[in-house]
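**Student:** Below is the file run36.tsv, which contains TSV, C-alpha atoms.
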chain	number	residue	atom	x	y	z
A	242	MET	CA	87.41	-1.89	198.00
A	243	ARG	CA	87.88	-5.52	197.12
A	244	PRO	CA	91.47	-6.77	196.84
A	245	ASN	CA	92.58	-8.18	193.48
A	246	ASP	CA	89.52	-6.79	191.74
A	247	PRO	CA	90.50	-5.97	188.15
A	248	VAL	CA	88.24	-2.92	188.10
A	249	GLU	CA	89.66	-1.44	191.32
A	250	HIS	CA	93.18	-2.17	190.08
A	251	LEU	CA	92.49	-0.42	186.76
A	252	ILE	CA	90.99	2.63	188.51
A	253	ALA	CA	93.95	2.85	190.90
A	254	LEU	CA	96.44	2.88	187.99
A	255	LEU	CA	94.40	5.36	185.94
A	256	ALA	CA	94.13	7.68	188.96
A	257	LYS	CA	97.95	7.94	189.03
A	258	LEU	CA	98.05	9.65	185.63
A	259	PRO	CA	98.57	13.41	185.80
A	260	GLY	CA	95.31	15.27	185.34
A	261	LEU	CA	93.14	12.31	186.31
A	262	GLY	CA	91.81	12.22	189.85
A	263	ARG	CA	90.05	9.25	191.37
A	264	ARG	CA	86.69	10.51	190.14
A	265	SER	CA	87.75	10.90	186.50
A	266	ALA	CA	89.64	7.61	186.68
A	267	ARG	CA	86.40	5.92	187.70
A	268	ARG	CA	84.47	7.57	184.87
A	269	ALA	CA	87.14	6.62	182.34
A	270	ALA	CA	87.19	3.01	183.60
A	271	GLN	CA	83.41	2.76	183.42
A	272	ARG	CA	83.33	4.13	179.91
A	273	MET	CA	86.04	1.73	178.76
A	274	LEU	CA	84.43	-1.25	180.49
A	275	MET	CA	81.19	-0.61	178.68
A	276	GLU	CA	82.97	-0.83	175.33
A	277	PRO	CA	85.98	-3.07	175.97
A	278	GLU	CA	86.51	-4.09	172.34
A	279	SER	CA	86.28	-0.64	170.82
A	280	ARG	CA	87.81	1.44	173.62
A	281	MET	CA	89.84	-0.47	176.13
A	282	LEU	CA	91.76	-2.97	173.98
A	283	PRO	CA	92.79	-0.38	171.34
A	284	LEU	CA	94.14	1.87	174.10
A	285	ALA	CA	95.98	-1.00	175.77
A	286	ASP	CA	97.49	-1.91	172.40
A	287	ALA	CA	98.49	1.70	171.73
A	288	MET	CA	100.24	1.80	175.11
A	289	ARG	CA	102.13	-1.42	174.45
A	290	ALA	CA	103.12	-0.19	170.98
A	291	ALA	CA	104.28	3.19	172.28
A	292	ALA	CA	106.17	1.63	175.20
A	293	ALA	CA	107.93	-0.70	172.78
A	294	ALA	CA	108.70	1.90	170.12
A	295	VAL	CA	109.39	5.14	171.95
A	296	ARG	CA	112.83	5.87	173.39
A	297	PRO	CA	114.70	9.05	174.31
A	298	CYS	CA	116.62	10.40	171.31
A	299	SER	CA	120.32	9.81	171.97
A	300	ASN	CA	121.12	13.20	170.46
A	301	CYS	CA	118.57	15.63	171.94
A	302	GLY	CA	116.56	13.66	174.52
A	303	ASN	CA	113.19	13.98	172.73
A	304	LEU	CA	110.87	10.98	173.16
A	305	ASP	CA	110.24	9.46	169.75
A	306	ALA	CA	109.69	6.22	167.89
A	307	SER	CA	112.91	6.70	165.95
A	308	ASN	CA	116.44	7.33	167.18
A	309	PRO	CA	117.75	9.88	166.30
A	310	CYS	CA	114.30	11.44	166.64
A	311	HIS	CA	112.34	12.77	163.65
A	312	ILE	CA	113.51	16.31	164.48
A	313	CYS	CA	117.21	15.45	164.71
A	314	SER	CA	117.02	13.46	161.47
A	315	ASP	CA	115.05	16.09	159.54
A	316	ASN	CA	117.50	17.75	157.14
A	317	GLN	CA	115.00	20.53	156.35
A	318	ARG	CA	115.64	21.91	159.82
A	319	ASP	CA	118.40	24.27	160.87
A	320	HIS	CA	120.63	22.17	163.15
A	321	GLY	CA	122.82	25.17	163.84
A	322	LEU	CA	120.11	26.54	166.17
A	323	ILE	CA	119.80	24.52	169.35
A	324	CYS	CA	116.86	25.31	171.60
A	325	VAL	CA	117.42	24.13	175.19
A	326	VAL	CA	114.26	23.06	177.04
A	327	GLU	CA	113.51	21.69	180.48
A	328	GLY	CA	111.55	18.66	179.32
A	329	VAL	CA	109.79	16.91	176.47
A	330	ALA	CA	106.53	18.69	177.30
A	331	GLU	CA	108.17	22.04	176.52
A	332	LEU	CA	109.70	20.67	173.31
A	333	TRP	CA	106.28	19.47	172.14
A	334	ALA	CA	104.69	22.81	173.06
A	335	LEU	CA	107.26	24.71	170.96
A	336	GLU	CA	106.67	22.27	168.08
A	337	ARG	CA	102.89	22.78	168.28
A	338	ALA	CA	103.45	26.54	168.23
A	339	GLN	CA	105.78	26.08	165.23
A	340	ALA	CA	108.00	28.54	167.06
A	341	HIS	CA	111.34	26.95	166.25
A	342	HIS	CA	112.69	25.29	163.12
A	343	GLY	CA	116.02	24.21	164.48
A	344	ALA	CA	117.10	21.42	166.83
A	345	TYR	CA	116.40	20.90	170.53
A	346	HIS	CA	118.21	19.78	173.63
A	347	VAL	CA	116.18	18.37	176.53
A	348	LEU	CA	117.85	19.01	179.89
A	349	GLY	CA	115.57	16.74	181.89
A	350	GLY	CA	114.91	19.33	184.58
A	351	THR	CA	116.29	22.56	186.00
A	352	LEU	CA	118.98	23.12	188.60
A	353	SER	CA	117.56	23.24	192.10
A	354	ALA	CA	119.65	23.55	195.25
A	355	LEU	CA	116.60	22.76	197.39
A	356	GLY	CA	115.55	19.81	195.22
A	357	GLY	CA	119.11	18.48	195.16
A	358	VAL	CA	119.36	18.74	191.35
A	359	GLY	CA	122.92	19.58	190.34
A	360	PRO	CA	124.56	19.97	186.90
A	361	ASP	CA	125.44	16.25	186.82
A	362	ASP	CA	121.76	15.30	187.08
A	363	LEU	CA	120.89	17.13	183.85
A	364	ALA	CA	121.90	16.59	180.21
A	365	ILE	CA	124.48	19.37	180.44
A	366	PRO	CA	127.65	17.49	179.36
A	367	SER	CA	125.92	16.39	176.14
A	368	LEU	CA	124.78	19.98	175.54
A	369	LEU	CA	128.36	21.26	175.95
A	370	ALA	CA	129.54	18.55	173.57
A	371	ARG	CA	127.00	19.58	170.91
A	372	ALA	CA	127.23	23.34	171.45
A	373	GLY	CA	130.59	23.84	169.72
A	374	GLY	CA	129.16	23.25	166.26
A	375	ALA	CA	126.13	25.50	166.73
A	376	ARG	CA	125.48	29.05	165.50
A	377	GLU	CA	123.14	29.95	168.38
A	378	ILE	CA	121.94	28.36	171.62
A	379	ILE	CA	118.41	29.47	172.61
A	380	LEU	CA	117.63	28.94	176.29
A	381	ALA	CA	113.85	28.35	176.45
A	382	LEU	CA	113.71	27.67	180.17
A	383	PRO	CA	110.81	28.43	182.51
A	384	ALA	CA	110.52	31.96	183.91
A	385	THR	CA	111.02	30.69	187.46
A	386	VAL	CA	113.88	31.03	189.95
A	387	GLU	CA	115.15	27.56	188.96
A	388	GLY	CA	114.77	28.31	185.25
A	389	ALA	CA	116.62	31.61	185.57
A	390	SER	CA	119.47	30.14	187.62
A	391	THR	CA	119.79	27.22	185.19
A	392	ALA	CA	119.93	29.67	182.27
A	393	HIS	CA	122.55	31.70	184.10
A	394	TYR	CA	124.65	28.59	184.80
A	395	LEU	CA	124.37	27.39	181.18
A	396	ALA	CA	125.27	30.82	179.78
A	397	GLU	CA	128.46	30.77	181.88
A	398	ARG	CA	129.38	27.24	180.88
A	399	LEU	CA	128.67	27.96	177.21
A	400	ALA	CA	130.68	31.19	177.15
A	401	SER	CA	133.92	29.34	176.35
A	402	THR	CA	132.42	27.94	173.12
A	403	GLY	CA	131.96	31.44	171.75
A	404	VAL	CA	128.48	30.51	170.46
A	405	PRO	CA	125.88	33.28	171.03
A	406	VAL	CA	123.43	32.37	173.80
A	407	THR	CA	119.93	33.91	173.71
A	408	ARG	CA	116.84	33.63	175.91
A	409	LEU	CA	113.11	33.84	175.22
A	410	ALA	CA	111.64	37.32	175.53
A	411	GLN	CA	109.56	37.99	178.60
A	412	GLY	CA	106.54	40.24	178.44
A	413	VAL	CA	102.79	40.53	178.09
A	414	PRO	CA	101.27	37.28	176.76
A	415	MET	CA	99.07	37.45	173.63
A	416	GLY	CA	95.55	38.46	174.59
A	417	GLY	CA	96.76	39.33	178.06
A	418	ALA	CA	94.90	42.21	179.73
A	419	LEU	CA	97.33	44.41	181.62
A	420	ASP	CA	95.21	44.75	184.74
A	421	VAL	CA	95.18	41.02	185.47
A	422	LEU	CA	98.91	40.42	184.82
A	423	ASP	CA	101.13	39.78	187.81
A	424	ASP	CA	103.46	42.59	188.88
A	425	GLY	CA	106.62	40.73	187.91
A	426	THR	CA	105.49	40.20	184.30
A	427	LEU	CA	104.26	43.77	184.03
A	428	ALA	CA	107.52	45.21	185.35
A	429	ALA	CA	109.61	42.98	183.06
A	430	ALA	CA	107.52	43.91	180.02
A	431	PHE	CA	107.81	47.59	180.87
A	432	LYS	CA	111.56	47.37	181.31
A	433	ALA	CA	112.00	45.47	178.03
A	434	ARG	CA	109.84	47.90	176.03
A	435	ARG	CA	111.03	48.63	172.52
B	878	MET	CA	100.79	15.63	163.23
B	879	ARG	CA	102.67	12.71	161.75
B	880	PRO	CA	100.58	9.77	160.54
B	881	ASN	CA	101.17	6.36	162.16
B	882	ASP	CA	103.18	7.91	164.95
B	883	PRO	CA	102.69	5.74	168.06
B	884	VAL	CA	102.78	8.78	170.35
B	885	GLU	CA	100.14	10.71	168.38
B	886	HIS	CA	97.99	7.59	168.22
B	887	LEU	CA	98.24	7.07	171.98
B	888	ILE	CA	97.36	10.71	172.69
B	889	ALA	CA	94.36	10.56	170.33
B	890	LEU	CA	92.97	7.49	172.12
B	891	LEU	CA	93.62	8.89	175.60
B	892	ALA	CA	91.90	12.16	174.65
B	893	LYS	CA	88.68	10.22	173.95
B	894	LEU	CA	88.34	9.15	177.58
B	895	PRO	CA	85.77	11.16	179.54
B	896	GLY	CA	87.42	13.81	181.69
B	897	LEU	CA	90.63	13.88	179.62
B	898	GLY	CA	90.99	16.65	177.07
B	899	ARG	CA	93.78	16.79	174.53
B	900	ARG	CA	96.00	18.70	176.92
B	901	SER	CA	95.68	16.21	179.79
B	902	ALA	CA	96.01	13.32	177.33
B	903	ARG	CA	99.32	14.77	176.21
B	904	ARG	CA	100.53	15.16	179.80
B	905	ALA	CA	99.45	11.63	180.66
B	906	ALA	CA	101.20	10.23	177.57
B	907	GLN	CA	104.40	12.12	178.35
B	908	ARG	CA	104.41	10.91	181.94
B	909	MET	CA	103.85	7.32	180.85
B	910	LEU	CA	106.46	7.49	178.10
B	911	MET	CA	109.06	8.64	180.57
B	912	GLU	CA	108.44	5.56	182.71
B	913	PRO	CA	107.18	2.91	180.28
B	914	GLU	CA	108.09	-0.10	182.42
B	915	SER	CA	106.65	1.18	185.68
B	916	ARG	CA	103.66	3.13	184.39
B	917	MET	CA	102.59	2.33	180.87
B	918	LEU	CA	102.91	-1.46	180.70
B	919	PRO	CA	101.19	-2.07	184.07
B	920	LEU	CA	98.26	0.10	182.94
B	921	ALA	CA	98.06	-1.66	179.56
B	922	ASP	CA	98.06	-5.01	181.38
B	923	ALA	CA	95.37	-3.84	183.79
B	924	MET	CA	93.22	-2.81	180.83
B	925	ARG	CA	93.65	-6.14	179.08
B	926	ALA	CA	92.89	-8.00	182.32
B	927	ALA	CA	89.80	-5.92	183.01
B	928	ALA	CA	88.56	-6.20	179.42
B	929	ALA	CA	88.98	-9.97	179.59
B	930	ALA	CA	87.44	-10.42	183.04
B	931	VAL	CA	84.68	-7.84	183.34
B	932	ARG	CA	81.22	-8.54	181.91
B	933	PRO	CA	77.75	-7.18	182.67
B	934	CYS	CA	76.07	-9.22	185.41
B	935	SER	CA	73.31	-11.27	183.78
B	936	ASN	CA	71.08	-10.61	186.76
B	937	CYS	CA	71.44	-6.89	187.56
B	938	GLY	CA	73.63	-5.38	184.80
B	939	ASN	CA	76.52	-4.36	187.10
B	940	LEU	CA	79.96	-4.57	185.49
B	941	ASP	CA	82.03	-7.09	187.40
B	942	ALA	CA	84.68	-9.75	187.10
B	943	SER	CA	82.24	-12.43	188.25
B	944	ASN	CA	78.81	-13.32	186.90
B	945	PRO	CA	76.51	-13.08	188.82
B	946	CYS	CA	78.33	-10.03	190.18
B	947	HIS	CA	79.75	-9.88	193.70
B	948	ILE	CA	76.65	-8.00	194.87
B	949	CYS	CA	74.13	-10.46	193.41
B	950	SER	CA	76.07	-13.39	194.84
B	951	ASP	CA	76.57	-11.86	198.30
B	952	ASN	CA	74.18	-13.67	200.65
B	953	GLN	CA	74.77	-11.11	203.38
B	954	ARG	CA	72.76	-8.63	201.34
B	955	ASP	CA	68.99	-8.20	201.33
B	956	HIS	CA	67.94	-9.33	197.86
B	957	GLY	CA	64.34	-8.42	198.60
B	958	LEU	CA	65.27	-4.74	198.14
B	959	ILE	CA	66.00	-3.89	194.50
B	960	CYS	CA	67.45	-0.46	193.81
B	961	VAL	CA	66.91	0.63	190.19
B	962	VAL	CA	69.66	2.87	188.78
B	963	GLU	CA	70.33	4.50	185.44
B	964	GLY	CA	73.85	3.13	184.99
B	965	VAL	CA	76.81	1.43	186.57
B	966	ALA	CA	78.25	4.80	187.65
B	967	GLU	CA	75.22	5.38	189.87
B	968	LEU	CA	75.42	1.84	191.27
B	969	TRP	CA	79.07	2.38	192.19
B	970	ALA	CA	78.27	5.77	193.75
B	971	LEU	CA	75.58	4.20	195.98
B	972	GLU	CA	78.01	1.43	196.95
B	973	ARG	CA	80.69	3.96	197.88
B	974	ALA	CA	78.15	5.84	199.99
B	975	GLN	CA	77.17	2.49	201.58
B	976	ALA	CA	73.62	3.77	201.13
B	977	HIS	CA	72.02	0.48	200.14
B	978	HIS	CA	72.53	-3.06	201.35
B	979	GLY	CA	70.18	-4.80	198.94
B	980	ALA	CA	70.40	-5.67	195.24
B	981	TYR	CA	70.50	-3.41	192.18
B	982	HIS	CA	69.05	-3.27	188.72
B	983	VAL	CA	70.87	-1.26	186.04
B	984	LEU	CA	68.48	0.15	183.42
B	985	GLY	CA	71.19	1.26	181.00
B	986	GLY	CA	69.71	4.74	180.56
B	987	THR	CA	66.48	6.66	181.04
B	988	LEU	CA	63.48	7.01	178.76
B	989	SER	CA	63.85	9.92	176.38
B	990	ALA	CA	61.37	10.79	173.67
B	991	LEU	CA	63.82	13.28	172.15
B	992	GLY	CA	66.75	10.88	172.35
B	993	GLY	CA	64.67	8.07	170.87
B	994	VAL	CA	65.09	5.84	173.96
B	995	GLY	CA	61.96	3.75	174.51
B	996	PRO	CA	61.15	1.04	177.09
B	997	ASP	CA	62.54	-1.67	174.79
B	998	ASP	CA	65.96	-0.01	174.80
B	999	LEU	CA	66.31	-0.35	178.59
B	1000	ALA	CA	66.55	-3.35	180.92
B	1001	ILE	CA	62.86	-3.02	181.83
B	1002	PRO	CA	61.62	-6.54	180.92
B	1003	SER	CA	64.29	-8.10	183.15
B	1004	LEU	CA	63.29	-5.71	185.97
B	1005	LEU	CA	59.63	-6.73	185.67
B	1006	ALA	CA	60.70	-10.39	185.71
B	1007	ARG	CA	62.72	-9.89	188.92
B	1008	ALA	CA	60.30	-7.53	190.64
B	1009	GLY	CA	57.69	-10.15	191.57
B	1010	GLY	CA	59.87	-11.70	194.26
B	1011	ALA	CA	60.93	-8.40	195.85
B	1012	ARG	CA	59.71	-6.66	199.02
B	1013	GLU	CA	60.48	-3.15	197.76
B	1014	ILE	CA	61.65	-1.51	194.55
B	1015	ILE	CA	63.65	1.69	195.14
B	1016	LEU	CA	63.81	3.98	192.10
B	1017	ALA	CA	67.14	5.84	192.43
B	1018	LEU	CA	66.88	7.71	189.13
B	1019	PRO	CA	68.30	11.15	188.35
B	1020	ALA	CA	66.26	14.20	189.37
B	1021	THR	CA	65.83	15.26	185.74
B	1022	VAL	CA	62.85	15.29	183.40
B	1023	GLU	CA	63.97	11.98	181.87
B	1024	GLY	CA	64.63	10.46	185.29
B	1025	ALA	CA	61.21	11.54	186.58
B	1026	SER	CA	59.34	10.28	183.53
B	1027	THR	CA	61.23	6.97	183.66
B	1028	ALA	CA	60.34	6.61	187.34
B	1029	HIS	CA	56.71	7.40	186.55
B	1030	TYR	CA	56.64	4.81	183.77
B	1031	LEU	CA	58.28	2.15	185.96
B	1032	ALA	CA	55.91	2.82	188.86
B	1033	GLU	CA	52.96	2.24	186.54
B	1034	ARG	CA	54.41	-0.95	185.06
B	1035	LEU	CA	55.35	-2.26	188.51
B	1036	ALA	CA	51.93	-1.53	190.05
B	1037	SER	CA	50.55	-4.90	188.90
B	1038	THR	CA	53.20	-6.75	190.93
B	1039	GLY	CA	51.87	-5.27	194.16
B	1040	VAL	CA	55.44	-4.61	195.35
B	1041	PRO	CA	55.85	-1.19	197.05
B	1042	VAL	CA	57.76	1.27	194.86
B	1043	THR	CA	59.71	4.08	196.56
B	1044	ARG	CA	61.88	6.94	195.31
B	1045	LEU	CA	64.89	8.77	196.76
B	1046	ALA	CA	64.05	11.82	198.85
B	1047	GLN	CA	64.70	15.19	197.25
B	1048	GLY	CA	65.87	18.11	199.32
B	1049	VAL	CA	68.77	20.19	200.53
B	1050	PRO	CA	72.09	18.35	200.03
B	1051	MET	CA	74.38	17.85	203.03
B	1052	GLY	CA	76.41	20.98	203.63
B	1053	GLY	CA	74.26	22.86	201.14
B	1054	ALA	CA	73.82	26.56	201.92
B	1055	LEU	CA	70.24	27.61	201.18
B	1056	ASP	CA	71.15	30.80	199.35
B	1057	VAL	CA	73.13	29.04	196.63
B	1058	LEU	CA	70.62	26.24	195.99
B	1059	ASP	CA	68.59	26.36	192.81
B	1060	ASP	CA	64.92	27.33	193.11
B	1061	GLY	CA	63.62	23.89	192.13
B	1062	THR	CA	65.53	22.11	194.90
B	1063	LEU	CA	64.58	24.75	197.44
B	1064	ALA	CA	60.87	24.55	196.53
B	1065	ALA	CA	60.94	20.73	196.60
B	1066	ALA	CA	62.70	20.67	199.97
B	1067	PHE	CA	60.21	23.17	201.37
B	1068	LYS	CA	57.23	21.21	200.13
B	1069	ALA	CA	58.61	17.93	201.51
B	1070	ARG	CA	59.37	19.41	204.95
B	1071	ARG	CA	58.74	17.11	207.90
Take the structure in the file and give it back as structure tokens.
**Tutor:**
Amino acid sequence: MRPNDPVEHLIALLAKLPGLGRRSARRAAQRMLMEPESRMLPLADAMRAAAAAVRPCSNCGNLDASNPCHICSDNQRDHGLICVVEGVAELWALERAQAHHGAYHVLGGTLSALGGVGPDDLAIPSLLARAGGAREIILALPATVEGASTAHYLAERLASTGVPVTRLAQGVPMGGALDVLDDGTLAAAFKARR
Amino acid sequence: MRPNDPVEHLIALLAKLPGLGRRSARRAAQRMLMEPESRMLPLADAMRAAAAAVRPCSNCGNLDASNPCHICSDNQRDHGLICVVEGVAELWALERAQAHHGAYHVLGGTLSALGGVGPDDLAIPSLLARAGGAREIILALPATVEGASTAHYLAERLASTGVPVTRLAQGVPMGGALDVLDDGTLAAAFKARR
């Protein structure tokens, strides 16, 4: 390790990205350094451009180059359906699955007593402000203890608006073999049989 | 997929890096977009700085911010020992292992009849030009068919210099359990017992 070495510095920053360990960071840096003009500079430019252009949508919290985001400003979509998600990753996953053709609301996390995340740390006031005009609020929160308690809290807070609150179905995933599913999923799917 | 979207463009470029699939590229982009000032711009700057500073060493082919590279210009090292490697990745791996305290020579690949890589496509002339002054040439090439045939070719070409040519030992890797080793390694280690 040589201090102030541009290669070491680049590898250290790359290694901080999720999904890239030190080994992959090194491989990525080597590959880019071998083709700086065609690989490294275009990526650096794309980062600068994205950092300059992308902001959280002031309506739903999606990260996008326009504000309101392209979903909030799309009048082909049903803005009466608001799908509440933990983060942008979940919003993008639902978009890729083309599962939802309404609007979103990004909470920015889930409630966690242990993690010290309370209602004021999440985008809950803005959800309550938007909820009144909606026809349905869909809580698409993770099937974890935090996700379930957040959904429970939101359902209580939203009750006064009179807007129906729904949750994603839980059950056997597509292609899921029953004998490798965890007991919790299997029991929930059995209970929710129809 | 929206054309000209800075986020999609960033993800597409990130996904081309070795070790990053589309899924990890998306996660990395999301993480960076949430903290553009602290994550994305420093990485973009590090890339620009590395692209501007790093060049192949005109002596050994190492990628470095100085030319000759910090290894070639280090007079604490034994420049009479030249370790021949396939690429910069292998050079860096040997440096991390602190296995070699001499100089290097990066070939830029291995000979491959199928891949259409001949002696003129590799840094072989520059190796022959350097070899005369050396005390030993260490061929640290991969233990593959291409690596072995490249080593064989180099040994023949280097014979006229009179400089001793050695190769890395093959055998059981450190911590390697015998029953999970492949047959080729096991046979080679057995044959080379000492």
**Student:** What are the nearest atom pairs, with distances in Å to one decimal, for all residues of chain A that come at most 8 Å from chain B, using all atoms listed in the file, set out by chain and rising residue number as a tab-separated table?
**Tutor:**
residue	atom	partner	partner_atom	distance
A:Asp246	CA	B:Ala942	CA	7.3
A:Pro247	CA	B:Ala927	CA	5.2
A:Val248	CA	B:Ala927	CA	6.1
A:His250	CA	B:Ala923	CA	6.9
A:Leu251	CA	B:Ala923	CA	5.4
A:Leu254	CA	B:Leu920	CA	6.0
A:Leu255	CA	B:Leu920	CA	7.2
A:Leu258	CA	B:Ala905	CA	5.5
A:Pro259	CA	B:Ala905	CA	5.5
A:Gly260	CA	B:Ser901	CA	5.6
A:Leu261	CA	B:Leu897	CA	7.3
A:Ser265	CA	B:Gly896	CA	5.6
A:Arg268	CA	B:Pro895	CA	6.6
A:Ala269	CA	B:Pro895	CA	5.5
A:Gln271	CA	B:Ala966	CA	7.0
A:Arg272	CA	B:Pro895	CA	7.5
A:Met273	CA	B:Leu894	CA	7.9
A:Leu274	CA	B:Ala928	CA	6.5
A:Met275	CA	B:Leu940	CA	8.0
A:Pro277	CA	B:Ala928	CA	5.3
A:Glu278	CA	B:Ala928	CA	7.7
A:Met281	CA	B:Met924	CA	6.2
A:Leu282	CA	B:Arg925	CA	6.3
A:Pro283	CA	B:Leu890	CA	7.9
A:Leu284	CA	B:Leu890	CA	6.1
A:Ala285	CA	B:Ala921	CA	4.4
A:Asp286	CA	B:Ala921	CA	7.2
A:Ala287	CA	B:Leu887	CA	5.4
A:Met288	CA	B:Ala921	CA	6.0
A:Arg289	CA	B:Leu918	CA	6.3
A:Ala290	CA	B:Pro883	CA	6.6
A:Ala291	CA	B:Pro883	CA	5.2
A:Ala292	CA	B:Pro913	CA	5.3
A:Ala294	CA	B:Pro883	CA	7.4
A:Val295	CA	B:Leu910	CA	7.2
A:Leu304	CA	B:Leu910	CA	7.5
A:Asp305	CA	B:Val884	CA	7.5
A:Ala306	CA	B:Pro883	CA	7.0
A:Val329	CA	B:Gln907	CA	7.5
A:Ala330	CA	B:Gln907	CA	7.0
**Student:** Excluding Pro414 (chain A) and its own-chain neighbours fewer than 3 positions away, which residues fall within 12 Å of it when counting all atoms listed in the file? Please give them as a PyMOL selection string.
**Tutor:** chain A and resi 410-411+417-419+421-423+426-427+429-430
**Student:** CA of Ala389 (chain A) and CA of Thr407 (chain A), how far apart in Å?
**Tutor:** 12.5 Å
**Student:** Distance CA of Gly1009 (chain B)-CA of Gly957 (chain B), one decimal place?
**Tutor:**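 It comes out at 9.8 Å.
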**Student:** Determine, counting only C-alpha atoms, which protein, DNA and RNA residues have an atom within 7 Å of an atom of region 983-992 of chain B; residues of the same chain fewer than 6 positions away are not included. Present the result as an NGL selection string.
**Tutor:** :B and (937-939 or 961-965 or 999-1001 or 1023-1024 or 1027)
**Student:** Pull the neighbourhood of (127.6, 19.9, 168.2) for me: all residues within 12 Å in file coordinates, counting only C-alpha atoms, as a list in words.
**Tutor:**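 Here the neighbourhood of the point contains Asn300, Cys301, Cys313, His320, Gly321, Leu322, Ile323, Ala344, Tyr345, His346, Pro366, Ser367, Leu368, Leu369, Ala370, Arg371, Ala372, Gly373, Gly374, Ala375, Arg376, Glu377, Ile378, Thr402 and Val404 of chain A.
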**Student:** Which distance in Å separates CA of Ile379 (chain A) and CA of Leu395 (chain A), to one decimal?
**Tutor:** 10.6 Å
**Student:** Would you mind putting back all heavy atoms on region 411-416 of chain A, then writing it out as a PDB file, keeping the file's coordinate frame?
**Tutor:**
ATOM      1  N   GLN A 411     110.615  38.004 177.588  1.00  0.00           N
ATOM      2  CA  GLN A 411     109.560  37.990 178.600  1.00  0.00           C
ATOM      3  C   GLN A 411     108.702  39.212 178.383  1.00  0.00           C
ATOM      4  O   GLN A 411     109.205  40.272 177.994  1.00  0.00           O
ATOM      5  CB  GLN A 411     110.175  38.025 179.994  1.00  0.00           C
ATOM      6  CG  GLN A 411     110.783  36.686 180.372  1.00  0.00           C
ATOM      7  CD  GLN A 411     111.162  36.648 181.836  1.00  0.00           C
ATOM      8  OE1 GLN A 411     112.073  37.323 182.256  1.00  0.00           O
ATOM      9  NE2 GLN A 411     110.431  35.864 182.593  1.00  0.00           N
ATOM     10  N   GLY A 412     107.413  39.098 178.624  1.00  0.00           N
ATOM     11  CA  GLY A 412     106.540  40.240 178.440  1.00  0.00           C
ATOM     12  C   GLY A 412     105.085  39.871 178.563  1.00  0.00           C
ATOM     13  O   GLY A 412     104.752  38.846 179.153  1.00  0.00           O
ATOM     14  N   VAL A 413     104.241  40.715 177.994  1.00  0.00           N
ATOM     15  CA  VAL A 413     102.790  40.530 178.090  1.00  0.00           C
ATOM     16  C   VAL A 413     102.393  39.386 177.149  1.00  0.00           C
ATOM     17  O   VAL A 413     102.719  39.416 175.973  1.00  0.00           O
ATOM     18  CB  VAL A 413     102.076  41.825 177.657  1.00  0.00           C
ATOM     19  CG1 VAL A 413     100.579  41.675 177.765  1.00  0.00           C
ATOM     20  CG2 VAL A 413     102.580  42.997 178.485  1.00  0.00           C
ATOM     21  N   PRO A 414     101.702  38.349 177.657  1.00  0.00           N
ATOM     22  CA  PRO A 414     101.270  37.280 176.760  1.00  0.00           C
ATOM     23  C   PRO A 414     100.192  37.776 175.792  1.00  0.00           C
ATOM     24  O   PRO A 414      99.486  38.728 176.095  1.00  0.00           O
ATOM     25  CB  PRO A 414     100.707  36.218 177.695  1.00  0.00           C
ATOM     26  CG  PRO A 414     100.379  36.919 178.951  1.00  0.00           C
ATOM     27  CD  PRO A 414     101.280  38.118 179.043  1.00  0.00           C
ATOM     28  N   MET A 415     100.092  37.116 174.631  1.00  0.00           N
ATOM     29  CA  MET A 415      99.070  37.450 173.630  1.00  0.00           C
ATOM     30  C   MET A 415      97.691  37.398 174.253  1.00  0.00           C
ATOM     31  O   MET A 415      97.335  36.413 174.901  1.00  0.00           O
ATOM     32  CB  MET A 415      99.100  36.415 172.513  1.00  0.00           C
ATOM     33  CG  MET A 415     100.263  36.560 171.606  1.00  0.00           C
ATOM     34  SD  MET A 415      99.982  37.900 170.451  1.00  0.00           S
ATOM     35  CE  MET A 415     100.463  37.072 168.938  1.00  0.00           C
ATOM     36  N   GLY A 416      96.908  38.442 174.031  1.00  0.00           N
ATOM     37  CA  GLY A 416      95.550  38.460 174.590  1.00  0.00           C
ATOM     38  C   GLY A 416      95.522  38.797 176.056  1.00  0.00           C
ATOM     39  O   GLY A 416      94.468  38.752 176.686  1.00  0.00           O
TER      40      GLY A 416
END
